[in-house]
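Shown next: start_27.cif, containing mmCIF, C-alpha atoms.
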data_upload
loop_
_atom_site.label_atom_id
_atom_site.label_comp_id
_atom_site.auth_asym_id
_atom_site.auth_seq_id
_atom_site.Cartn_x
_atom_site.Cartn_y
_atom_site.Cartn_z
CA MET B 108 -12.08 33.31 141.06
CA THR B 109 -8.34 32.78 140.72
CA LEU B 110 -7.12 31.13 137.56
CA THR B 111 -4.45 28.52 137.92
CA ARG B 112 -1.46 28.32 135.64
CA GLN B 113 -3.10 25.39 133.85
CA ASP B 114 -6.31 27.42 133.33
CA ARG B 115 -4.36 30.35 131.90
CA ALA B 116 -2.54 28.03 129.53
CA ALA B 117 -5.86 26.54 128.36
CA TYR B 118 -7.42 29.97 127.78
CA SER B 119 -4.34 31.14 125.91
CA PHE B 120 -4.80 28.28 123.45
CA LEU B 121 -8.51 29.12 123.12
CA LEU B 122 -7.94 32.86 122.69
CA PRO B 123 -7.06 32.85 118.94
CA PHE B 124 -10.18 30.85 118.13
CA LEU B 125 -12.38 33.05 120.35
CA VAL B 126 -11.06 36.22 118.72
CA LEU B 127 -11.74 34.85 115.23
CA PHE B 128 -15.16 33.51 116.28
CA ILE B 129 -16.22 36.88 117.70
CA ALA B 130 -14.83 38.85 114.75
CA VAL B 131 -15.98 36.59 111.92
CA THR B 132 -19.14 34.95 113.27
CA LEU B 133 -20.65 36.45 116.42
CA TYR B 134 -20.24 40.15 115.63
CA PRO B 135 -21.57 39.87 112.03
CA PHE B 136 -24.49 37.75 113.28
CA ILE B 137 -25.52 40.32 115.92
CA SER B 138 -24.96 43.22 113.52
CA GLY B 139 -27.05 41.54 110.83
CA PHE B 140 -29.84 40.84 113.29
CA LEU B 141 -29.93 44.47 114.41
CA LEU B 142 -29.72 45.55 110.78
CA SER B 143 -32.96 43.68 110.03
CA PHE B 144 -34.85 46.19 112.22
CA THR B 145 -33.67 49.19 110.20
CA ASP B 146 -34.02 50.61 106.70
CA VAL B 147 -30.30 51.29 106.36
CA SER B 148 -28.83 51.90 102.92
CA PRO B 149 -25.35 53.07 101.85
CA LEU B 150 -27.06 55.86 99.94
CA ALA B 151 -29.05 57.12 102.94
CA PRO B 152 -27.40 59.63 105.28
CA GLU B 153 -29.12 58.22 108.36
CA THR B 154 -30.23 54.86 109.68
CA HIS B 155 -33.88 54.69 110.72
CA TRP B 156 -35.11 52.16 113.25
CA VAL B 157 -38.27 50.55 111.82
CA ALA B 158 -38.77 47.85 114.46
CA LEU B 159 -40.77 44.95 112.97
CA ASP B 160 -41.85 46.76 109.79
CA ASN B 161 -39.47 44.73 107.59
CA TYR B 162 -40.81 41.45 108.92
CA SER B 163 -44.40 42.66 108.68
CA THR B 164 -43.89 43.66 105.05
CA LEU B 165 -42.27 40.32 104.28
CA LEU B 166 -45.10 38.28 105.70
CA THR B 167 -48.07 40.37 104.56
CA ARG B 168 -47.31 42.64 101.60
CA ASP B 169 -44.31 41.33 99.65
CA SER B 170 -45.65 39.26 96.75
CA VAL B 171 -42.13 38.62 95.41
CA PHE B 172 -41.12 37.05 98.72
CA ARG B 173 -44.27 34.91 98.81
CA ASN B 174 -43.61 33.73 95.26
CA SER B 175 -39.99 32.97 96.13
CA ILE B 176 -41.17 30.83 99.04
CA GLY B 177 -43.50 28.96 96.69
CA ASN B 178 -40.67 28.45 94.19
CA THR B 179 -38.35 27.21 96.93
CA VAL B 180 -40.98 24.81 98.29
CA LEU B 181 -41.56 23.44 94.78
CA TYR B 182 -37.82 22.95 94.33
CA VAL B 183 -37.59 21.12 97.68
CA VAL B 184 -40.58 18.89 96.88
CA LEU B 185 -39.18 17.93 93.48
CA LEU B 186 -35.56 17.48 94.55
CA VAL B 187 -35.46 15.90 98.01
CA PRO B 188 -37.51 12.71 97.43
CA ALA B 189 -35.67 12.05 94.16
CA GLN B 190 -32.27 12.73 95.71
CA ALA B 191 -32.98 10.40 98.66
CA ALA B 192 -34.43 7.59 96.52
CA ILE B 193 -31.78 7.68 93.80
CA GLY B 194 -29.00 8.07 96.37
CA LEU B 195 -30.26 4.92 98.13
CA LEU B 196 -30.40 2.98 94.86
CA LEU B 197 -26.86 4.00 93.94
CA ALA B 198 -25.63 3.10 97.42
CA LEU B 199 -27.23 -0.35 97.13
CA TYR B 200 -25.60 -0.82 93.74
CA VAL B 201 -22.15 0.08 95.05
CA HIS B 202 -22.59 -1.83 98.32
CA ARG B 203 -23.51 -5.07 96.55
CA LYS B 204 -20.31 -4.80 94.49
CA LEU B 205 -22.01 -5.27 91.16
CA TRP B 206 -20.39 -4.69 87.76
CA LEU B 207 -17.89 -1.81 87.78
CA HIS B 208 -18.80 -0.89 91.36
CA GLN B 209 -15.37 0.61 92.09
CA VAL B 210 -15.43 2.88 89.05
CA SER B 211 -19.10 3.74 89.59
CA ARG B 212 -18.44 4.85 93.16
CA VAL B 213 -16.00 7.49 91.91
CA ALA B 214 -18.24 8.42 88.97
CA PHE B 215 -21.32 8.91 91.17
CA PHE B 216 -19.49 11.09 93.69
CA ALA B 217 -17.26 13.07 91.31
CA PRO B 218 -19.81 15.79 90.38
CA PHE B 219 -20.19 16.74 94.04
CA VAL B 220 -16.67 18.22 94.14
CA LEU B 221 -17.39 20.65 91.27
CA SER B 222 -18.14 24.29 91.95
CA VAL B 223 -21.62 25.69 91.40
CA SER B 224 -20.37 27.90 88.57
CA VAL B 225 -19.06 24.90 86.62
CA VAL B 226 -22.27 22.93 87.18
CA GLY B 227 -24.49 25.88 86.25
CA ILE B 228 -22.59 26.71 83.05
CA VAL B 229 -22.29 23.08 81.91
CA TRP B 230 -25.95 22.31 82.52
CA GLY B 231 -26.92 25.57 80.85
CA TRP B 232 -25.26 24.19 77.71
CA ILE B 233 -26.79 20.73 78.16
CA LEU B 234 -30.32 22.13 78.51
CA GLU B 235 -30.10 24.73 75.75
CA THR B 236 -33.19 24.48 73.55
CA ARG B 237 -31.75 24.20 70.02
CA TYR B 238 -28.27 22.75 70.45
CA GLY B 239 -28.28 21.34 73.98
CA LEU B 240 -27.10 17.75 74.45
CA LEU B 241 -30.33 16.69 76.17
CA ASN B 242 -32.62 17.83 73.37
CA LEU B 243 -30.26 16.46 70.72
CA GLY B 244 -30.22 13.11 72.53
CA LEU B 245 -34.01 13.04 72.82
CA GLY B 246 -34.32 13.86 69.13
CA ALA B 247 -31.90 11.07 68.25
CA ILE B 248 -34.24 8.49 69.83
CA HIS B 249 -37.31 10.05 68.16
CA LEU B 250 -38.64 11.82 71.26
CA PRO B 251 -39.59 15.52 71.42
CA GLY B 252 -36.26 17.29 71.19
CA ASN B 253 -37.23 20.94 71.29
CA THR B 254 -38.23 21.37 74.94
CA PRO B 255 -37.41 24.92 76.16
CA TRP B 256 -35.99 23.73 79.48
CA LEU B 257 -34.65 27.10 80.63
CA THR B 258 -37.13 29.49 79.05
CA ASN B 259 -40.51 27.88 79.75
CA VAL B 260 -42.21 28.46 83.10
CA SER B 261 -43.43 24.86 83.19
CA TRP B 262 -40.00 23.30 82.70
CA VAL B 263 -37.46 25.62 84.27
CA MET B 264 -37.72 24.23 87.80
CA VAL B 265 -37.48 20.69 86.45
CA ALA B 266 -34.29 21.71 84.63
CA ILE B 267 -32.74 23.11 87.81
CA VAL B 268 -33.72 19.97 89.72
CA LEU B 269 -32.05 17.77 87.07
CA ALA B 270 -28.82 19.73 87.43
CA SER B 271 -29.04 19.61 91.23
CA LEU B 272 -29.63 15.85 91.22
CA TRP B 273 -26.56 15.25 89.07
CA TRP B 274 -24.52 17.55 91.30
CA HIS B 275 -25.59 16.37 94.77
CA ILE B 276 -26.56 12.73 94.30
CA GLY B 277 -23.09 11.56 95.34
CA PHE B 278 -23.51 13.15 98.77
CA SER B 279 -26.68 11.18 99.49
CA MET B 280 -25.08 8.02 98.13
CA VAL B 281 -22.11 8.29 100.50
CA LEU B 282 -24.35 8.74 103.55
CA PHE B 283 -26.52 5.77 102.61
CA LEU B 284 -23.43 3.70 101.83
CA ALA B 285 -22.05 4.41 105.30
CA GLY B 286 -25.38 3.32 106.78
CA LEU B 287 -25.40 0.11 104.75
CA GLN B 288 -21.88 -0.75 105.86
CA ASP B 289 -22.94 -0.39 109.51
CA ILE B 290 -25.69 -3.02 109.17
CA PRO B 291 -24.36 -6.37 110.47
CA PHE B 292 -24.19 -8.95 107.71
CA GLU B 293 -25.48 -11.59 110.15
CA LEU B 294 -28.93 -9.98 110.19
CA ARG B 295 -29.31 -10.37 106.45
CA GLU B 296 -27.86 -13.85 106.58
CA VAL B 297 -30.38 -14.95 109.25
CA ALA B 298 -33.26 -13.53 107.20
CA GLN B 299 -32.07 -15.42 104.12
CA ILE B 300 -31.77 -18.66 106.12
CA ASP B 301 -35.37 -18.16 107.26
CA GLY B 302 -36.39 -18.07 103.61
CA ALA B 303 -36.61 -14.31 102.96
CA SER B 304 -36.13 -13.25 99.36
CA PRO B 305 -33.70 -10.41 98.48
CA ARG B 306 -36.66 -8.06 98.15
CA GLN B 307 -37.97 -9.04 101.59
CA VAL B 308 -34.52 -8.60 103.13
CA LEU B 309 -34.38 -5.12 101.65
CA TRP B 310 -37.89 -4.18 102.78
CA TYR B 311 -37.99 -5.75 106.25
CA VAL B 312 -34.34 -5.65 107.34
CA ILE B 313 -32.27 -3.06 105.48
CA LEU B 314 -34.74 -0.20 105.09
CA PRO B 315 -35.90 -0.19 108.74
CA LEU B 316 -32.29 -0.12 109.92
CA LEU B 317 -31.59 2.77 107.55
CA ARG B 318 -34.29 5.00 109.06
CA PRO B 319 -31.86 7.17 111.08
CA VAL B 320 -29.66 7.65 108.01
CA THR B 321 -32.69 8.36 105.83
CA SER B 322 -33.88 10.97 108.32
CA LEU B 323 -30.45 12.60 108.31
CA VAL B 324 -30.27 12.60 104.50
CA VAL B 325 -33.74 14.13 104.15
CA VAL B 326 -33.06 16.89 106.71
CA LEU B 327 -29.68 17.78 105.19
CA CYS B 328 -31.10 17.75 101.66
CA VAL B 329 -34.03 19.95 102.67
CA ILE B 330 -31.77 22.49 104.39
CA ASP B 331 -29.40 22.53 101.42
CA ALA B 332 -32.29 22.87 98.96
CA ILE B 333 -33.81 25.78 100.88
CA LYS B 334 -30.51 27.67 100.47
CA VAL B 335 -30.38 27.19 96.69
CA PHE B 336 -29.03 30.22 94.87
CA GLY B 337 -26.14 29.40 92.54
CA LEU B 338 -27.91 27.25 89.97
CA PRO B 339 -30.88 29.61 89.42
CA TRP B 340 -28.42 32.48 89.13
CA PHE B 341 -26.10 30.81 86.61
CA MET B 342 -28.76 28.92 84.63
CA THR B 343 -31.80 31.22 84.49
CA ASN B 344 -30.98 34.46 86.33
CA GLY B 345 -34.15 33.95 88.36
CA GLY B 346 -36.40 33.73 85.31
CA PRO B 347 -38.43 33.29 83.29
CA ALA B 348 -41.01 35.58 84.89
CA GLY B 349 -39.48 35.00 88.32
CA VAL B 350 -40.40 31.31 88.35
CA SER B 351 -36.92 30.27 89.50
CA THR B 352 -36.47 33.14 91.98
CA THR B 353 -35.85 31.42 95.30
CA VAL B 354 -35.74 32.92 98.79
CA VAL B 355 -31.96 33.34 98.75
CA TYR B 356 -32.12 34.79 95.25
CA ASP B 357 -34.69 37.33 96.50
CA LEU B 358 -32.32 38.14 99.37
CA TYR B 359 -29.52 38.70 96.84
CA LEU B 360 -31.71 41.01 94.75
CA ASN B 361 -32.52 43.14 97.80
CA PHE B 362 -28.85 43.40 98.74
CA GLN B 363 -28.09 44.31 95.15
CA SER B 364 -30.72 47.05 95.38
CA LEU B 365 -29.05 48.26 98.61
CA HIS B 366 -32.07 47.42 100.76
CA LEU B 367 -29.76 46.04 103.41
CA GLY B 368 -32.16 46.00 106.34
CA TYR B 369 -34.88 44.28 104.34
CA ALA B 370 -32.42 41.73 102.96
CA SER B 371 -31.23 40.98 106.50
CA ALA B 372 -34.83 40.34 107.54
CA ILE B 373 -35.18 37.83 104.70
CA GLY B 374 -31.98 36.13 105.84
CA PHE B 375 -33.17 35.75 109.43
CA CYS B 376 -36.56 34.43 108.31
CA LEU B 377 -34.65 31.80 106.36
CA LEU B 378 -32.51 31.06 109.41
CA VAL B 379 -35.61 30.47 111.55
CA ILE B 380 -37.00 28.05 108.95
CA MET B 381 -33.77 26.04 108.83
CA LEU B 382 -33.45 25.97 112.62
CA GLY B 383 -37.01 24.68 112.82
CA LEU B 384 -36.21 21.85 110.43
CA ALA B 385 -33.09 20.93 112.38
CA LEU B 386 -35.00 20.96 115.67
CA VAL B 387 -37.68 18.66 114.26
CA ARG B 388 -35.11 15.94 113.83
CA ARG B 389 -33.51 16.80 117.18
CA VAL B 390 -36.77 16.62 119.12
CA PHE B 391 -38.21 13.65 117.20
CA PRO B 392 -35.22 11.44 116.39
CA THR B 393 -35.84 8.49 114.13
CA GLN B 394 -34.87 5.19 115.70
CA ALA B 395 -34.28 1.96 113.84
CA THR B 396 -36.69 -0.75 114.81
#

Go ahead and express the file in the form of C-alpha cells.
Amino acid sequence: MTLTRQDRAAYSFLLPFLVLFIAVTLYPFISGFLLSFTDVSPLAPETHWVALDNYSTLLTRDSVFRNSIGNTVLYVVLLVPAQAAIGLLLALYVHRKLWLHQVSRVAFFAPFVLSVSVVGIVWGWILETRYGLLNLGLGAIHLPGNTPWLTNVSWVMVAIVLASLWWHIGFSMVLFLAGLQDIPFELREVAQIDGASPRQVLWYVILPLLRPVTSLVVVLCVIDAIKVFGLPWFMTNGGPAGVSTTVVYDLYLNFQSLHLGYASAIGFCLLVIMLGLALVRRVFPTQAT
C-alpha cells in the first residue's frame, strides 16, 4: 500500500505520541505482565519462569492477600454508598441555590484538589486519640472523646473512610450537579402543576433521570476505592494488625520486599477486577426512565 503525502503528514504528527505511548505505556504493561509469571528479584542472579504459580499462590495460599481483599471490600462498602448519597445531597443543596450556595460550592470541592499526603497527615492529627480535634470536639459536647480511631481494629477503617469522604465528596457532588443541570426545568414545573410535592418531584422525576449519573458515580467511586493506598499508608501504615492493609498496599509491600514477579501478579489481578467493574456498566448501561 502506497502512502500519500497527506497520509505521511498525518503519521508524522502521530509519531511523537506513538513513540511515547509505546515507551511509557505499552512496553511497561507487556513487561509487567510477563514479569508476573516469574520470580524475578534484583538480588537473584537469574530469572526463573514459574508460569501460573504466582497467581495460584495468590488465590489459594496467601492469607495476607485474602485479608487485604476483605479490607478493601469493607472500605468500598463503607465509602461508596456514603460518598454517592452525600454527594447527591450536596449537589441538591448547591443546585437549589440555598443560603451561601456559591461559597459552599467552592468549600465542598476544595478538599479534592489537595494531595494525598496533605489529607493523610491532616486527618492523622484530627483523629489522634488524646489531642485530636475530633475527640476534643466530641468531649466538648459531652460525648465519648477518647476513641482510638487509628489504633483500634474496630475503628481504623471508619477513620480512613471519614478522611476519604472529606477528600473525595466534591468529585461526586460535581458529577451529580452536572446531571441536575441537564434535567429540563419544564419537567419539574409540570410535576408541580399536577400537584406533586417537592419530595415527590425529587423521588419520581429527579432521581430516575439521575440514574445514568448515579451509575457513573458509583462505578468511578468503586474503582477509585479499590485502588486506595495513600491514606492507609500515611494514616496507619497498614495497621493495626494489618486491618487497613489494602490490595494496593499489599502490592507495595511485595515490591518493597523485592518480590517483583509476585507484586506484578497482584497488580494484574487488581486490573482484571477493575476491568470487570467497568465492563459491567458498559454491558448493562443504566437508562433514565

**Message:** Take the PyMOL selection byres ((chain B and resi 147) around 12), run it mentally on this structure, and tell me the resulting residues as JSON, numbers by chain.
**Reply:** {"B": [139, 141, 142, 143, 144, 145, 146, 148, 149, 150, 151, 152, 153, 154, 155, 156, 157, 161, 362, 364, 365, 366, 367, 368, 369, 370, 371, 372]}

**Request:** Apply the PyMOL selection byres ((chain B and resi 176) around 12) to the file shown and report the selected residues as an NGL selection string.
**Result:** :B and (165-166 or 169-175 or 177-183 or 332-335 or 349-358 or 373 or 376-377 or 380)

Next, dump the selected residues to file, keeping only C-alpha atoms, as an mmCIF file, in the frame of the given file.
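Output contents, as saved in out-v6.cif:
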data_model
loop_
_atom_site.group_PDB
_atom_site.id
_atom_site.type_symbol
_atom_site.label_atom_id
_atom_site.label_comp_id
_atom_site.auth_asym_id
_atom_site.auth_seq_id
_atom_site.Cartn_x
_atom_site.Cartn_y
_atom_site.Cartn_z
ATOM 1 C CA LEU B 165 -42.270 40.320 104.280
ATOM 2 C CA LEU B 166 -45.100 38.280 105.700
ATOM 3 C CA ASP B 169 -44.310 41.330 99.650
ATOM 4 C CA SER B 170 -45.650 39.260 96.750
ATOM 5 C CA VAL B 171 -42.130 38.620 95.410
ATOM 6 C CA PHE B 172 -41.120 37.050 98.720
ATOM 7 C CA ARG B 173 -44.270 34.910 98.810
ATOM 8 C CA ASN B 174 -43.610 33.730 95.260
ATOM 9 C CA SER B 175 -39.990 32.970 96.130
ATOM 10 C CA GLY B 177 -43.500 28.960 96.690
ATOM 11 C CA ASN B 178 -40.670 28.450 94.190
ATOM 12 C CA THR B 179 -38.350 27.210 96.930
ATOM 13 C CA VAL B 180 -40.980 24.810 98.290
ATOM 14 C CA LEU B 181 -41.560 23.440 94.780
ATOM 15 C CA TYR B 182 -37.820 22.950 94.330
ATOM 16 C CA VAL B 183 -37.590 21.120 97.680
ATOM 17 C CA ALA B 332 -32.290 22.870 98.960
ATOM 18 C CA ILE B 333 -33.810 25.780 100.880
ATOM 19 C CA LYS B 334 -30.510 27.670 100.470
ATOM 20 C CA VAL B 335 -30.380 27.190 96.690
ATOM 21 C CA GLY B 349 -39.480 35.000 88.320
ATOM 22 C CA VAL B 350 -40.400 31.310 88.350
ATOM 23 C CA SER B 351 -36.920 30.270 89.500
ATOM 24 C CA THR B 352 -36.470 33.140 91.980
ATOM 25 C CA THR B 353 -35.850 31.420 95.300
ATOM 26 C CA VAL B 354 -35.740 32.920 98.790
ATOM 27 C CA VAL B 355 -31.960 33.340 98.750
ATOM 28 C CA TYR B 356 -32.120 34.790 95.250
ATOM 29 C CA ASP B 357 -34.690 37.330 96.500
ATOM 30 C CA LEU B 358 -32.320 38.140 99.370
ATOM 31 C CA ILE B 373 -35.180 37.830 104.700
ATOM 32 C CA CYS B 376 -36.560 34.430 108.310
ATOM 33 C CA LEU B 377 -34.650 31.800 106.360
ATOM 34 C CA ILE B 380 -37.000 28.050 108.950
#

**Message:** When you look at Val320 in chain B with a cut-off of 9 Å (counting all atoms listed in the file), what residues show up, excluding the ones that are within fewer than 6 positions of it in the same chain? I need them as a PyMOL selection string.
**Reply:** chain B and resi 282-283+285-286+393

**Asked** Can you tell me how far CA of Glu235 in chain B sits from CA of Val263 in chain B, in Å to one decimal?
**Response** 11.3 Å

**Fill in**
Atom pair CA of Ser222 in chain B + CA of Thr343 in chain B, distance 17.0 Å

**Request:** List the neighbours of Ile290 in chain B out to 12 Å using all atoms listed in the file; skip same-chain residues closer than 6 positions along the sequence, and give me the result as a PyMOL selection string.
**Result:** chain B and resi 202+283-284+296+309+312-318+320+395

**Evaluate the PyMOL selection byres ((chain B and resi 223) around 10) and report residues as a ChimeraX atom specification** = /B:219-222,224-229,271,274,336-338,340-341

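With only C-alpha atoms as the atoms that count, the residue of B:Ile330, B:Pro319, B:Val265, B:Ile300 with the shortest distance to Leu185 in chain B is B:Val265.
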
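Omitting range 244-254 of chain B and its sequence neighbours fewer than 6 positions away, and counting all atoms listed in the file, the residues within 12 Å are Ile233, Leu234, Glu235, Thr236, Arg237, Tyr238, Val260, Ser261, Trp262, Val263, Val265 and Ala266 of chain B.
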
**Request:** State, in Å with one decimal place, the distance from CA of Gly231 in chain B to CA of Leu186 in chain B.
**Result:**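 Atom-to-atom, CA of Gly231 in chain B and CA of Leu186 in chain B are spaced 18.1 Å apart.
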
Taking every listed atom of range 181-198 of chain B and adding 6 Å to each side, what centre and edge lengths in Å (one decimal) does the axis-aligned box have, as JSON?
{"center_x": -33.6, "center_y": 13.2, "center_z": 96.1, "size_x": 27.9, "size_y": 32.5, "size_z": 17.2}

**Item:** From B:Gly345, B:Pro135, B:Pro123, B:Pro339, residue lying nearest Val268 in chain B [all atoms listed in the file]
**Value:**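 Answer, going by the shortest atom-to-atom distance: B:Pro339.
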
**Nearest to Phe292 in chain B, chosen from B:Val126, B:Val308, B:Arg115, B:Ala191, with all atoms listed in the file counted in the distances** = B:Val308

**Request:** Give as a list in words the set of residues within 8 Å of the point (-19.7, 13.0, 93.4), where distances use the file's coordinates and all atoms listed in the file.
**Result:**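 Those residues lying close to the given coordinates are Val213, Ala214, Phe215, Phe216, Ala217, Pro218, Phe219, Val220, Trp274, His275, Ile276, Gly277 and Phe278 of chain B.
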
Once you have the residues from the selection above, write them out as a CSV table (one decimal), in the coordinates of the input, restricted to C-alpha atoms.
chain,number,residue,atom,x,y,z
B,213,VAL,CA,-16.0,7.5,91.9
B,214,ALA,CA,-18.2,8.4,89.0
B,215,PHE,CA,-21.3,8.9,91.2
B,216,PHE,CA,-19.5,11.1,93.7
B,217,ALA,CA,-17.3,13.1,91.3
B,218,PRO,CA,-19.8,15.8,90.4
B,219,PHE,CA,-20.2,16.7,94.0
B,220,VAL,CA,-16.7,18.2,94.1
B,274,TRP,CA,-24.5,17.6,91.3
B,275,HIS,CA,-25.6,16.4,94.8
B,276,ILE,CA,-26.6,12.7,94.3
B,277,GLY,CA,-23.1,11.6,95.3
B,278,PHE,CA,-23.5,13.2,98.8

Would you fill out range 243-256 of chain B with N, CA and C atoms and return it as a PDB file, in the frame of the given file?
ATOM      1  N   LEU B 243     -30.815  17.203  71.847  1.00  0.00           N
ATOM      2  CA  LEU B 243     -30.260  16.460  70.720  1.00  0.00           C
ATOM      3  C   LEU B 243     -30.349  14.959  70.958  1.00  0.00           C
ATOM      4  N   GLY B 244     -30.102  14.533  72.210  1.00  0.00           N
ATOM      5  CA  GLY B 244     -30.220  13.110  72.530  1.00  0.00           C
ATOM      6  C   GLY B 244     -31.648  12.622  72.441  1.00  0.00           C
ATOM      7  N   LEU B 245     -32.598  13.431  72.917  1.00  0.00           N
ATOM      8  CA  LEU B 245     -34.010  13.040  72.820  1.00  0.00           C
ATOM      9  C   LEU B 245     -34.440  12.963  71.356  1.00  0.00           C
ATOM     10  N   GLY B 246     -33.987  13.905  70.549  1.00  0.00           N
ATOM     11  CA  GLY B 246     -34.320  13.860  69.130  1.00  0.00           C
ATOM     12  C   GLY B 246     -33.729  12.652  68.430  1.00  0.00           C
ATOM     13  N   ALA B 247     -32.541  12.216  68.881  1.00  0.00           N
ATOM     14  CA  ALA B 247     -31.900  11.070  68.250  1.00  0.00           C
ATOM     15  C   ALA B 247     -32.670   9.772  68.479  1.00  0.00           C
ATOM     16  N   ILE B 248     -33.431   9.705  69.562  1.00  0.00           N
ATOM     17  CA  ILE B 248     -34.240   8.490  69.830  1.00  0.00           C
ATOM     18  C   ILE B 248     -35.720   8.745  69.531  1.00  0.00           C
ATOM     19  N   HIS B 249     -35.956   9.772  68.675  1.00  0.00           N
ATOM     20  CA  HIS B 249     -37.310  10.050  68.160  1.00  0.00           C
ATOM     21  C   HIS B 249     -38.285  10.466  69.265  1.00  0.00           C
ATOM     22  N   LEU B 250     -37.801  11.202  70.246  1.00  0.00           N
ATOM     23  CA  LEU B 250     -38.640  11.820  71.260  1.00  0.00           C
ATOM     24  C   LEU B 250     -38.616  13.333  71.038  1.00  0.00           C
ATOM     25  N   PRO B 251     -39.594  14.055  71.596  1.00  0.00           N
ATOM     26  CA  PRO B 251     -39.590  15.520  71.420  1.00  0.00           C
ATOM     27  C   PRO B 251     -38.264  16.122  71.859  1.00  0.00           C
ATOM     28  N   GLY B 252     -37.590  16.761  70.913  1.00  0.00           N
ATOM     29  CA  GLY B 252     -36.260  17.290  71.190  1.00  0.00           C
ATOM     30  C   GLY B 252     -36.172  18.788  71.109  1.00  0.00           C
ATOM     31  N   ASN B 253     -37.257  19.470  71.348  1.00  0.00           N
ATOM     32  CA  ASN B 253     -37.230  20.940  71.290  1.00  0.00           C
ATOM     33  C   ASN B 253     -37.815  21.561  72.562  1.00  0.00           C
ATOM     34  N   THR B 254     -37.679  20.880  73.684  1.00  0.00           N
ATOM     35  CA  THR B 254     -38.230  21.370  74.940  1.00  0.00           C
ATOM     36  C   THR B 254     -37.438  22.594  75.420  1.00  0.00           C
ATOM     37  N   PRO B 255     -38.118  23.717  75.667  1.00  0.00           N
ATOM     38  CA  PRO B 255     -37.410  24.920  76.160  1.00  0.00           C
ATOM     39  C   PRO B 255     -37.178  24.817  77.669  1.00  0.00           C
ATOM     40  N   TRP B 256     -36.207  24.026  78.066  1.00  0.00           N
ATOM     41  CA  TRP B 256     -35.990  23.730  79.480  1.00  0.00           C
ATOM     42  C   TRP B 256     -35.784  24.987  80.320  1.00  0.00           C
TER      43      TRP B 256
END
